[in-house]
$ cat structure.tsv   # TSV, C-alpha atoms and all ligand atoms
chain	number	residue	atom	x	y	z
A	269	MET	CA	-5.20	8.28	131.94
A	270	THR	CA	-8.54	9.81	130.95
A	271	LEU	CA	-8.48	13.61	131.10
A	272	GLY	CA	-11.96	14.46	129.86
A	273	ILE	CA	-15.15	12.88	128.52
A	274	GLY	CA	-17.86	14.64	126.53
A	275	ARG	CA	-21.17	13.31	125.28
A	276	ALA	CA	-23.97	14.66	123.14
A	277	ALA	CA	-27.35	13.15	122.23
A	278	GLY	CA	-28.81	12.78	118.76
A	279	LYS	CA	-31.86	14.71	117.55
A	280	VAL	CA	-34.85	14.58	115.27
A	281	ILE	CA	-36.67	17.39	113.55
A	282	LEU	CA	-40.38	17.11	114.31
A	283	PHE	CA	-41.47	19.72	111.75
A	284	GLY	CA	-39.93	22.28	109.45
A	285	GLU	CA	-36.86	20.71	107.77
A	286	HIS	CA	-35.70	22.36	104.54
A	287	ALA	CA	-38.08	25.31	104.97
A	288	VAL	CA	-35.92	26.25	107.98
A	289	VAL	CA	-33.02	26.93	105.58
A	290	TYR	CA	-35.26	29.65	104.06
A	291	GLY	CA	-36.06	31.43	107.31
A	292	ARG	CA	-39.15	29.46	108.34
A	293	PRO	CA	-39.38	27.96	111.86
A	294	ALA	CA	-38.66	24.36	112.83
A	295	LEU	CA	-39.30	22.22	115.91
A	296	ALA	CA	-36.54	19.79	116.92
A	297	VAL	CA	-35.97	17.57	119.95
A	298	PRO	CA	-33.00	15.66	121.35
A	299	VAL	CA	-33.10	11.85	121.22
A	300	THR	CA	-31.20	10.61	124.22
A	301	GLN	CA	-31.29	6.91	123.29
A	302	VAL	CA	-28.42	7.56	120.88
A	303	TRP	CA	-25.32	9.60	121.57
A	304	ALA	CA	-21.76	10.41	120.63
A	305	GLU	CA	-18.89	10.24	123.09
A	306	ALA	CA	-15.37	11.67	122.97
A	307	ARG	CA	-12.74	10.61	125.47
A	308	VAL	CA	-9.46	12.50	125.82
A	309	GLU	CA	-6.57	10.48	127.21
A	310	ALA	CA	-2.98	11.41	127.94
A	311	ALA	CA	-0.62	10.06	125.27
A	312	ALA	CA	3.15	9.62	124.93
A	313	PRO	CA	5.16	12.85	125.03
A	314	GLY	CA	5.67	14.25	121.54
A	315	SER	CA	2.78	12.31	120.02
A	316	GLY	CA	0.61	15.41	119.64
A	317	VAL	CA	-3.15	15.06	119.27
A	318	VAL	CA	-4.29	11.86	117.61
A	319	ILE	CA	-8.00	11.39	116.94
A	320	TRP	CA	-9.24	7.81	116.79
A	321	ALA	CA	-12.66	7.52	115.13
A	322	ALA	CA	-13.32	4.04	116.47
A	323	ASP	CA	-16.51	3.35	114.48
A	324	LEU	CA	-14.87	4.33	111.19
A	325	GLY	CA	-11.50	2.71	111.97
A	326	GLU	CA	-9.83	6.01	111.09
A	327	GLU	CA	-6.89	7.67	112.84
A	328	ILE	CA	-6.15	11.35	112.27
A	329	ALA	CA	-3.03	13.20	113.44
A	330	LEU	CA	-4.03	16.78	114.16
A	331	ARG	CA	-0.74	18.22	112.91
A	332	HIS	CA	-1.20	16.63	109.46
A	333	ALA	CA	-4.99	17.09	109.12
A	334	ALA	CA	-6.42	19.52	106.55
A	335	ALA	CA	-8.28	22.59	107.81
A	336	ASP	CA	-11.58	21.17	106.54
A	337	GLN	CA	-11.23	17.74	108.19
A	338	PRO	CA	-14.32	17.91	110.45
A	339	LEU	CA	-12.95	15.99	113.46
A	340	ALA	CA	-9.69	17.93	113.42
A	341	ALA	CA	-11.68	21.14	113.01
A	342	ALA	CA	-13.69	20.28	116.11
A	343	VAL	CA	-10.49	19.78	118.10
A	344	ARG	CA	-8.90	23.01	116.82
A	345	LEU	CA	-12.04	25.04	117.60
A	346	ALA	CA	-12.32	23.49	121.05
A	347	LEU	CA	-8.67	24.22	121.83
A	348	ALA	CA	-9.11	27.82	120.71
A	349	ALA	CA	-12.28	28.05	122.82
A	350	ILE	CA	-10.69	26.79	126.03
A	351	GLY	CA	-7.92	29.29	125.59
A	352	ALA	CA	-4.99	27.16	124.46
A	353	GLN	CA	-1.99	29.14	123.28
A	354	GLY	CA	-1.24	28.81	119.61
A	355	GLN	CA	-1.20	30.31	116.18
A	356	GLY	CA	-4.16	30.92	113.94
A	357	SER	CA	-6.86	33.42	113.34
A	358	GLY	CA	-9.76	32.30	115.41
A	359	LYS	CA	-9.11	32.69	119.11
A	360	ALA	CA	-10.55	36.16	119.56
A	361	GLU	CA	-13.62	35.39	117.48
A	362	VAL	CA	-15.00	32.52	119.50
A	363	GLY	CA	-18.53	33.31	120.63
A	364	THR	CA	-19.15	35.93	117.96
A	365	GLY	CA	-20.77	33.50	115.56
A	366	ARG	CA	-17.96	34.22	113.07
A	367	LEU	CA	-15.36	31.65	113.94
A	368	SER	CA	-12.33	31.08	111.80
A	369	ALA	CA	-10.21	28.94	114.08
A	370	LEU	CA	-9.99	26.09	111.57
A	371	ASP	CA	-6.32	26.90	111.00
A	372	PHE	CA	-5.59	27.14	114.73
A	373	ARG	CA	-2.35	25.38	115.67
A	374	PRO	CA	-1.86	24.85	119.40
A	375	THR	CA	1.69	25.56	120.51
A	376	PRO	CA	2.85	23.39	122.11
A	377	GLU	CA	0.44	20.75	120.85
A	378	PRO	CA	-0.93	18.68	123.75
A	379	ASP	CA	-0.20	14.94	123.72
A	380	TRP	CA	-3.68	13.45	123.62
A	381	ARG	CA	-5.44	10.47	122.16
A	382	ILE	CA	-9.07	11.37	121.52
A	383	THR	CA	-11.32	8.36	121.01
A	384	ILE	CA	-14.69	8.97	119.38
A	385	ARG	CA	-17.56	6.51	119.43
A	386	SER	CA	-21.14	7.09	118.44
A	387	THR	CA	-24.36	5.12	118.42
A	388	ILE	CA	-26.05	7.72	116.20
A	389	PRO	CA	-26.49	6.43	112.67
A	390	ILE	CA	-24.32	8.42	110.25
A	391	ALA	CA	-25.93	10.61	107.54
A	392	SER	CA	-29.43	9.69	108.63
A	393	GLY	CA	-30.90	12.97	109.85
A	394	MET	CA	-30.18	12.34	113.54
A	395	GLY	CA	-27.40	14.87	113.87
A	396	SER	CA	-24.48	12.45	114.11
A	397	GLY	CA	-21.90	14.97	112.84
A	398	ALA	CA	-23.13	17.74	115.13
A	399	ALA	CA	-23.22	15.40	118.13
A	400	VAL	CA	-19.67	14.16	117.52
A	401	THR	CA	-18.44	17.75	117.33
A	402	ALA	CA	-20.33	18.69	120.50
A	403	ALA	CA	-18.91	15.66	122.32
A	404	ILE	CA	-15.34	16.57	121.29
A	405	VAL	CA	-15.76	20.18	122.40
A	406	ARG	CA	-17.34	19.12	125.70
A	407	ALA	CA	-14.57	16.60	126.38
A	408	ILE	CA	-11.86	19.18	125.78
A	409	ALA	CA	-13.73	21.82	127.79
A	410	ALA	CA	-14.04	19.33	130.65
A	411	LEU	CA	-10.29	18.81	130.99
A	412	SER	CA	-9.20	19.31	134.54
A	413	VAL	CA	-5.93	20.84	133.37
A	414	ALA	CA	-6.20	23.17	130.40
A	415	PRO	CA	-3.18	23.89	128.23
A	416	THR	CA	-1.57	27.28	128.80
A	417	PRO	CA	-4.56	29.63	128.99
A	418	ASN	CA	-5.24	32.46	126.60
A	419	PRO	CA	-6.53	35.60	128.42
A	420	GLN	CA	-8.65	36.57	125.38
A	421	SER	CA	-10.74	33.40	125.54
A	422	PRO	CA	-14.43	33.83	126.47
A	423	ILE	CA	-14.16	30.69	128.59
A	424	PRO	CA	-12.36	31.20	131.91
A	425	PRO	CA	-9.20	29.14	132.38
A	426	VAL	CA	-9.56	26.07	134.54
A	427	THR	CA	-8.12	26.59	137.99
A	428	ASP	CA	-9.27	23.43	139.78
A	429	ALA	CA	-10.85	20.07	138.99
A	430	THR	CA	-14.27	21.62	138.26
A	431	PRO	CA	-15.15	21.40	134.57
A	432	PRO	CA	-15.45	24.89	133.08
A	433	PRO	CA	-18.93	26.05	132.17
A	434	LEU	CA	-19.45	25.86	128.43
A	435	ALA	CA	-22.40	28.05	127.54
A	436	PRO	CA	-24.74	26.28	125.08
A	437	ALA	CA	-24.64	29.36	122.84
A	438	VAL	CA	-20.83	29.11	122.60
A	439	LEU	CA	-20.98	25.36	122.00
A	440	SER	CA	-23.67	25.88	119.37
A	441	ASP	CA	-21.49	28.42	117.51
A	442	LEU	CA	-18.54	26.03	117.53
A	443	VAL	CA	-20.61	23.13	116.29
A	444	TYR	CA	-22.13	25.34	113.57
A	445	GLU	CA	-18.67	26.05	112.16
A	446	VAL	CA	-17.98	22.35	111.76
A	447	GLU	CA	-21.49	21.76	110.37
A	448	ARG	CA	-20.57	24.16	107.58
A	449	LEU	CA	-17.79	21.77	106.58
A	450	TYR	CA	-20.24	18.88	106.42
A	451	HIS	CA	-23.24	20.68	104.95
A	452	GLY	CA	-22.25	23.94	103.30
A	453	THR	CA	-25.11	26.22	104.35
A	454	PRO	CA	-26.80	24.68	107.39
A	455	SER	CA	-29.69	26.55	108.95
A	456	GLY	CA	-28.27	26.04	112.43
A	457	VAL	CA	-31.14	23.91	113.77
A	458	ASP	CA	-29.03	20.77	114.32
A	459	ASN	CA	-26.19	22.41	116.26
A	460	THR	CA	-28.74	24.35	118.31
A	461	VAL	CA	-30.87	21.43	119.49
A	462	ILE	CA	-27.77	19.33	120.16
A	463	ALA	CA	-25.86	22.05	122.02
A	464	TYR	CA	-28.87	23.04	124.16
A	465	GLY	CA	-30.04	19.46	124.65
A	466	GLN	CA	-33.63	20.67	124.86
A	467	PRO	CA	-36.65	20.77	122.56
A	468	VAL	CA	-36.22	23.90	120.50
A	469	TYR	CA	-38.29	26.22	118.30
A	470	PHE	CA	-35.71	27.50	115.87
A	471	VAL	CA	-35.70	30.33	113.34
A	472	ARG	CA	-32.46	30.99	111.51
A	473	GLY	CA	-30.63	34.04	112.84
A	474	ARG	CA	-32.79	34.35	115.98
A	475	ARG	CA	-32.08	33.31	119.53
A	476	PRO	CA	-33.47	29.76	119.94
A	477	GLU	CA	-36.61	29.41	122.03
A	478	PRO	CA	-37.82	26.44	124.03
A	479	PHE	CA	-41.32	25.24	123.22
A	480	THR	CA	-43.91	24.18	125.72
A	481	ILE	CA	-44.94	20.53	125.79
A	482	GLY	CA	-48.20	20.40	127.72
A	483	ARG	CA	-48.37	16.61	127.66
A	484	PRO	CA	-45.69	14.00	126.85
A	485	PHE	CA	-46.00	12.16	123.57
A	486	THR	CA	-44.28	9.22	121.95
A	487	ILE	CA	-42.74	8.92	118.53
A	488	VAL	CA	-41.25	5.94	116.75
A	489	ILE	CA	-38.19	6.63	114.63
A	490	GLY	CA	-37.53	4.32	111.69
A	491	ASP	CA	-34.26	4.26	109.75
A	492	THR	CA	-34.35	3.44	106.03
A	493	GLY	CA	-30.69	2.44	106.36
A	494	ILE	CA	-29.94	4.67	103.36
A	495	ARG	CA	-27.22	7.20	104.07
A	496	SER	CA	-28.10	10.54	102.62
A	497	SER	CA	-26.00	13.66	102.26
A	498	THR	CA	-27.66	16.71	103.78
A	499	ARG	CA	-25.45	18.89	101.59
A	500	ILE	CA	-26.72	17.27	98.38
A	501	ALA	CA	-30.37	17.34	99.49
A	502	VAL	CA	-30.14	21.01	100.48
A	503	GLU	CA	-28.37	21.89	97.21
A	504	GLU	CA	-31.02	20.07	95.19
A	505	VAL	CA	-33.82	21.96	96.93
A	506	ARG	CA	-31.97	25.22	96.29
A	507	ARG	CA	-31.71	24.39	92.58
A	508	ARG	CA	-35.46	23.77	92.38
A	509	TRP	CA	-36.24	26.87	94.44
A	510	THR	CA	-34.14	28.93	92.00
A	511	GLN	CA	-36.13	27.50	89.07
A	512	GLU	CA	-39.57	27.98	90.67
A	513	PRO	CA	-39.21	30.51	93.48
A	514	ALA	CA	-42.90	31.36	93.88
A	515	ARG	CA	-43.98	27.71	94.13
A	516	PHE	CA	-41.24	26.86	96.61
A	517	GLU	CA	-41.83	29.95	98.74
A	518	ALA	CA	-45.51	28.91	98.97
A	519	LEU	CA	-44.50	25.37	100.00
A	520	PHE	CA	-42.16	26.77	102.68
A	521	ASP	CA	-44.97	29.04	103.90
A	522	ARG	CA	-47.24	26.02	104.20
A	523	ILE	CA	-44.59	24.27	106.30
A	524	ALA	CA	-44.29	27.35	108.50
A	525	GLN	CA	-48.07	27.19	109.15
A	526	ILE	CA	-47.77	23.51	110.05
A	527	VAL	CA	-44.92	24.28	112.49
A	528	GLU	CA	-46.96	27.01	114.19
A	529	ALA	CA	-50.02	24.74	114.42
A	530	ALA	CA	-47.86	21.98	115.92
A	531	ARG	CA	-46.33	24.36	118.42
A	532	ALA	CA	-49.80	25.52	119.51
A	533	ALA	CA	-51.08	21.93	119.80
A	534	LEU	CA	-48.10	20.96	121.94
A	535	ALA	CA	-48.50	24.00	124.19
A	536	ALA	CA	-52.20	23.19	124.63
A	537	GLY	CA	-51.37	19.63	125.70
A	538	ARG	CA	-52.95	18.15	122.56
A	539	PRO	CA	-50.13	16.16	120.97
A	540	GLU	CA	-52.67	13.91	119.20
A	541	GLN	CA	-53.19	16.83	116.82
A	542	LEU	CA	-49.65	16.38	115.57
A	543	GLY	CA	-50.65	13.28	113.57
A	544	PRO	CA	-52.47	14.99	110.68
A	545	LEU	CA	-49.85	17.76	110.74
A	546	MET	CA	-47.09	15.16	110.25
A	547	ASP	CA	-49.00	13.65	107.32
A	548	GLU	CA	-49.39	17.06	105.75
A	549	ASN	CA	-45.75	18.02	106.34
A	550	HIS	CA	-44.68	14.76	104.69
A	551	ALA	CA	-46.87	15.51	101.65
A	552	VAL	CA	-45.26	18.96	101.30
A	553	LEU	CA	-41.77	17.41	101.60
A	554	GLN	CA	-42.74	14.96	98.85
A	555	GLU	CA	-43.68	17.93	96.67
A	556	ILE	CA	-40.39	19.59	97.48
A	557	GLY	CA	-38.77	16.40	96.18
A	558	VAL	CA	-36.87	15.13	99.22
A	559	SER	CA	-38.75	11.92	99.98
A	560	CYS	CA	-37.90	8.60	98.34
A	561	PRO	CA	-39.71	5.25	97.90
A	562	GLU	CA	-38.09	3.76	101.02
A	563	LEU	CA	-39.18	6.69	103.22
A	564	ASP	CA	-42.69	6.60	101.72
A	565	ALA	CA	-42.87	2.86	102.39
A	566	LEU	CA	-41.96	3.28	106.07
A	567	VAL	CA	-44.37	6.20	106.45
A	568	GLY	CA	-47.14	4.08	104.88
A	569	ALA	CA	-46.32	1.06	107.07
A	570	ALA	CA	-46.43	3.18	110.23
A	571	ARG	CA	-49.82	4.64	109.33
A	572	ALA	CA	-51.23	1.21	108.43
A	573	ALA	CA	-50.06	-0.13	111.82
A	574	GLY	CA	-51.95	2.54	113.74
A	575	ALA	CA	-49.66	5.59	113.87
A	576	ALA	CA	-51.60	8.83	114.17
A	577	GLY	CA	-49.35	10.39	111.53
A	578	ALA	CA	-45.89	10.03	110.03
A	579	LYS	CA	-43.31	11.96	108.05
A	580	LEU	CA	-39.69	11.92	107.00
A	581	SER	CA	-37.34	13.70	109.38
A	582	GLY	CA	-34.16	15.54	108.43
A	583	ALA	CA	-32.79	16.08	104.96
A	584	GLY	CA	-34.70	13.16	103.39
A	585	ARG	CA	-33.70	11.00	100.36
A	586	GLY	CA	-32.97	8.27	102.93
A	587	GLY	CA	-32.23	8.58	106.61
A	588	ASN	CA	-35.05	8.49	109.14
A	589	MET	CA	-38.79	8.95	109.41
A	590	ILE	CA	-40.88	9.55	112.52
A	591	ALA	CA	-44.37	8.40	113.46
A	592	LEU	CA	-46.64	9.66	116.23
A	593	VAL	CA	-48.08	6.86	118.35
A	594	ALA	CA	-50.49	6.66	121.24
A	595	GLY	CA	-48.96	4.46	123.99
A	596	GLU	CA	-50.30	1.04	123.02
A	597	ALA	CA	-49.65	1.50	119.28
A	598	ALA	CA	-45.90	1.96	119.77
A	599	ALA	CA	-45.04	-1.76	119.73
A	600	ASP	CA	-47.24	-2.44	116.66
A	601	VAL	CA	-45.77	0.48	114.73
A	602	ALA	CA	-42.21	-0.46	115.72
A	603	ALA	CA	-42.82	-4.06	114.54
A	604	ALA	CA	-44.42	-2.87	111.30
A	605	LEU	CA	-41.46	-0.60	110.57
A	606	ALA	CA	-39.00	-3.44	111.14
A	607	ALA	CA	-41.09	-5.70	108.88
A	608	ALA	CA	-41.15	-2.98	106.20
A	609	GLY	CA	-37.36	-2.87	106.12
A	610	ALA	CA	-36.32	-0.33	108.78
A	611	THR	CA	-32.75	-1.11	109.76
A	612	ARG	CA	-33.25	0.40	113.20
A	613	VAL	CA	-36.29	1.46	115.22
A	614	ILE	CA	-36.24	3.74	118.26
A	615	VAL	CA	-39.24	4.52	120.46
A	616	THR	CA	-38.83	7.77	122.37
A	617	THR	CA	-41.09	9.85	124.58
A	618	ILE	CA	-40.80	13.62	124.46
A	619	SER	CA	-41.47	15.19	127.87
A	620	PRO	CA	-42.20	18.73	129.02
A	621	ALA	CA	-38.77	19.10	130.64
A	622	VAL	CA	-38.29	22.69	129.57
A	623	GLY	CA	-38.19	25.47	132.13
A	624	PRO	CA	-37.18	29.11	132.37
A	625	ASP	CA	-33.62	27.89	132.96
A	626	PHE	CA	-33.41	27.08	129.26
A	627	VAL	CA	-34.29	30.63	128.26
A	628	GLN	CA	-31.66	31.94	130.63
A	629	ARG	CA	-29.03	29.67	129.20
A	630	ALA	CA	-30.05	30.50	125.63
A	631	ILE	CA	-28.95	34.12	125.98
B	701	LIG	C1	-31.06	18.70	108.32
B	701	LIG	O1	-31.08	18.01	109.57
B	701	LIG	C2	-32.14	19.73	108.27
B	701	LIG	C3	-32.22	20.55	106.99
B	701	LIG	O2	-33.31	21.46	107.18
B	701	LIG	C4	-30.94	21.30	106.71
B	701	LIG	C5	-30.68	22.43	107.69
B	701	LIG	O3	-31.58	22.85	108.40
B	701	LIG	O4	-29.54	22.93	107.66
B	701	LIG	C6	-32.54	19.68	105.78
$ encode --input "structure.tsv" --output "structure tokens" --more "lines below"
Ligand code: MEV
Amino acid sequence: MTLGIGRAAGKVILFGEHAVVYGRPALAVPVTQVWAEARVEAAAPGSGVVIWAADLGEEIALRHAAADQPLAAAVRLALAAIGAQGQGSGKAEVGTGRLSALDFRPTPEPDWRITIRSTIPIASGMGSGAAVTAAIVRAIAALSVAPTPNPQSPIPPVTDATPPPLAPAVLSDLVYEVERLYHGTPSGVDNTVIAYGQPVYFVRGRRPEPFTIGRPFTIVIGDTGIRSSTRIAVEEVRRRWTQEPARFEALFDRIAQIVEAARAALAAGRPEQLGPLMDENHAVLQEIGVSCPELDALVGAARAAGAAGAKLSGAGRGGNMIALVAGEAAADVAAALAAAGATRVIVTTISPAVGPDFVQRAI
């Protein structure tokens, strides 16, 4: 019997990756063509929680999983957040941004089989880890019968079949904790855009803001097929920044200017202006040292096929790139990317679906 299902979309960073780790702004959008799903089903009494990562062919028993096993961590945090009784340090801290529920042990442990599937390519800059965590937390929060409730939980116990409201800010905090296991020192942009499910202007440590999209625009996403560790890319940039702080601060400042120019162009309904900004952002990321020949080849192929601009997206050194296309160029650019070796191509249109509701929910 299925008890709860949670889903979360992937994302791409339009502008600002890496510089966002150093306090500069970034623009990121959800990509709803790809998503992660977690399904919680009732299991045999005494089985405890078993997580089945279907795409990886991996089965994890919660009671034996290490505190830093990301899927188990997502389940422990979610259980603490919905108010399950148990032992561990984190229950009272949920929602404070300082979670430490990774050692949370539900008592009694529910008997669940949690199946996880995802169409988001792993380690490719599309937020697969964050989306899987968000899907797990949403599935557990959507259970129609919560385990014995904890009165200290910020989320009200479930009293009927209505899924409990899970504030995006709470979800974002939970996902951030698991992101730290994957990435060490994430800026928070990935968990934010995935938890809010809206285009977001993000500055580390500040409340996320929506950004205005005056006119829809289309991007083509091309995957190099090379898996790349965000942790390693971020550590490498930090090493270089430590060696040449003034140069890297100037590069991050340049990216911040590009982000602000892009935000203004989008608000003014002039998305065509994003093309040259993407080209420039890519050049700065090359200087920072996070591009690679395969990303440069896809960026070049997209431009040659008529894209208005292109850049890598995410941590770089593999993963995905994005290209801005005017309607009729999308098919040409998508074909050119496939011919240049992209293992997967997604065409997605970003719409102005952001209203005051988002600001309300961001608080
Ligand atoms: C990864 O999607 C984006 C980076 O800027 C890292 C981060 O923001 O934590 C490279």
$ atom_distance --input "structure.tsv" --atom1 "CA of Leu534 in chain A" --atom2 "CA of Ala287 in chain A"
20.2 Å
$ closest_residue --input "structure.tsv" --among "A:Ala321, A:Ile590, A:Ala583, A:Leu442" --to "ligand LIG 701 (chain B)" --atoms "only C-alpha atoms and all ligand atoms"
A:Ala583
$ closest_residue --input "structure.tsv" --among "A:Ala594, A:Leu605, A:Ala569, A:Ala341" --to "Tyr450 in chain A" --atoms "all atoms listed in the file"
A:Ala341
$ closest_residue --input "structure.tsv" --among "A:Arg612, A:Arg522, A:Lys279, A:Arg538" --to "Ala551 in chain A" --atoms "all atoms listed in the file"
A:Arg522
$ closest_atom_pairs --input "structure.tsv" --of "chain A" --to "ligand LIG 701 (chain B)" --cutoff "9 Å" --atoms "only C-alpha atoms and all ligand atoms" --output "tab-separated table"
residue	atom	partner	partner_atom	distance
A:Lys279	CA	B:LIG701	O1	8.7
A:Val280	CA	B:LIG701	O1	7.6
A:Ile281	CA	B:LIG701	O1	6.9
A:Gly284	CA	B:LIG701	O2	7.0
A:Glu285	CA	B:LIG701	O2	3.7
A:His286	CA	B:LIG701	O2	3.7
A:Ala287	CA	B:LIG701	O2	6.5
A:Val288	CA	B:LIG701	O2	5.5
A:Val289	CA	B:LIG701	O3	5.2
A:Tyr290	CA	B:LIG701	O3	8.9
A:Ala294	CA	B:LIG701	O2	8.3
A:Ser392	CA	B:LIG701	O1	8.5
A:Gly393	CA	B:LIG701	O1	5.1
A:Met394	CA	B:LIG701	O1	7.0
A:Gly395	CA	B:LIG701	O1	6.5
A:Glu447	CA	B:LIG701	O4	8.6
A:His451	CA	B:LIG701	O4	7.2
A:Gly452	CA	B:LIG701	O4	8.6
A:Thr453	CA	B:LIG701	O4	6.4
A:Pro454	CA	B:LIG701	O4	3.3
A:Ser455	CA	B:LIG701	O4	3.8
A:Gly456	CA	B:LIG701	O4	5.8
A:Val457	CA	B:LIG701	O3	5.5
A:Asp458	CA	B:LIG701	O1	5.9
A:Arg472	CA	B:LIG701	O3	8.8
A:Thr498	CA	B:LIG701	C1	6.0
A:Arg499	CA	B:LIG701	C4	7.9
A:Ala501	CA	B:LIG701	C6	7.1
A:Val502	CA	B:LIG701	C6	6.0
A:Ser581	CA	B:LIG701	O1	7.6
A:Gly582	CA	B:LIG701	O1	4.1
A:Ala583	CA	B:LIG701	C6	3.7
A:Gly584	CA	B:LIG701	C6	7.3
$ write_last_selection --input "structure.tsv" --atoms "C-alpha atoms" --output "short mmCIF file (atom, residue, chain, number, x, y, z; two decimals), keeping the file's coordinate frame"
data_model
loop_
_atom_site.label_atom_id
_atom_site.label_comp_id
_atom_site.auth_asym_id
_atom_site.auth_seq_id
_atom_site.Cartn_x
_atom_site.Cartn_y
_atom_site.Cartn_z
CA LYS A 279 -31.86 14.71 117.55
CA VAL A 280 -34.85 14.58 115.27
CA ILE A 281 -36.67 17.39 113.55
CA GLY A 284 -39.93 22.28 109.45
CA GLU A 285 -36.86 20.71 107.77
CA HIS A 286 -35.70 22.36 104.54
CA ALA A 287 -38.08 25.31 104.97
CA VAL A 288 -35.92 26.25 107.98
CA VAL A 289 -33.02 26.93 105.58
CA TYR A 290 -35.26 29.65 104.06
CA ALA A 294 -38.66 24.36 112.83
CA SER A 392 -29.43 9.69 108.63
CA GLY A 393 -30.90 12.97 109.85
CA MET A 394 -30.18 12.34 113.54
CA GLY A 395 -27.40 14.87 113.87
CA GLU A 447 -21.49 21.76 110.37
CA HIS A 451 -23.24 20.68 104.95
CA GLY A 452 -22.25 23.94 103.30
CA THR A 453 -25.11 26.22 104.35
CA PRO A 454 -26.80 24.68 107.39
CA SER A 455 -29.69 26.55 108.95
CA GLY A 456 -28.27 26.04 112.43
CA VAL A 457 -31.14 23.91 113.77
CA ASP A 458 -29.03 20.77 114.32
CA ARG A 472 -32.46 30.99 111.51
CA THR A 498 -27.66 16.71 103.78
CA ARG A 499 -25.45 18.89 101.59
CA ALA A 501 -30.37 17.34 99.49
CA VAL A 502 -30.14 21.01 100.48
CA SER A 581 -37.34 13.70 109.38
CA GLY A 582 -34.16 15.54 108.43
CA ALA A 583 -32.79 16.08 104.96
CA GLY A 584 -34.70 13.16 103.39
#
$ residues_near_point --input "structure.tsv" --point "(-6.2, 7.8, 125.3)" --cutoff "7 Å" --atoms "only C-alpha atoms" --output "PyMOL selection string"
chain A and resi 269-270+308-311+380-383
$ atom_distance --input "structure.tsv" --atom1 "CA of Ile388 in chain A" --atom2 "CA of Gly473 in chain A"
26.9 Å
$ closest_residue --input "structure.tsv" --among "A:Arg385, A:Pro376, A:Ala296, A:Gly274" --to "Ala346 in chain A" --atoms "only C-alpha atoms"
A:Gly274
$ residues_around --input "structure.tsv" --residues "Gly354 in chain A" --least-positions-apart "3" --cutoff "6 Å" --atoms "only C-alpha atoms" --output "ChimeraX atom specification"
/A:373-375
$ atom_distance --input "structure.tsv" --atom1 "CA of Ile618 in chain A" --atom2 "CA of Asp547 in chain A"
19.0 Å
$ residues_around --input "structure.tsv" --residues "range 327-337 of chain A" --least-positions-apart "3" --cutoff "10 Å" --atoms "only C-alpha atoms" --output "ChimeraX atom specification"
/A:315-322,324,340-344,369-374,377,381-383,446,448-450
$ closest_residue --input "structure.tsv" --among "A:Ile487, A:Ala610, A:Ala570, A:Ile408" --to "Gly351 in chain A" --atoms "all atoms listed in the file"
A:Ile408
$ residues_around --input "structure.tsv" --residues "Thr492 in chain A" --least-positions-apart "4" --cutoff "10 Å" --atoms "only C-alpha atoms" --output "list in words"
Ser392, Cys560, Pro561, Glu562, Leu563, Asp564, Ala565, Leu566, Arg585, Gly586, Gly587, Asn588, Met589, Leu605, Ala606, Ala608, Gly609, Ala610, Thr611, Arg612 and Val613 of chain A
$ closest_residue --input "structure.tsv" --among "A:Ala536, A:Val461, A:Leu434, A:Ala573" --to "Ala607 in chain A" --atoms "all atoms listed in the file"
A:Ala573
$ residues_near_point --input "structure.tsv" --point "(-48.4, 2.1, 111.3)" --cutoff "9 Å" --atoms "only C-alpha atoms" --output "list in words"
Leu566, Val567, Gly568, Ala569, Ala570, Arg571, Ala572, Ala573, Gly574, Ala575, Ala576, Gly577, Ala578, Ala591, Val593, Ala597, Ala598, Asp600, Val601, Ala602, Ala603, Ala604 and Leu605 of chain A
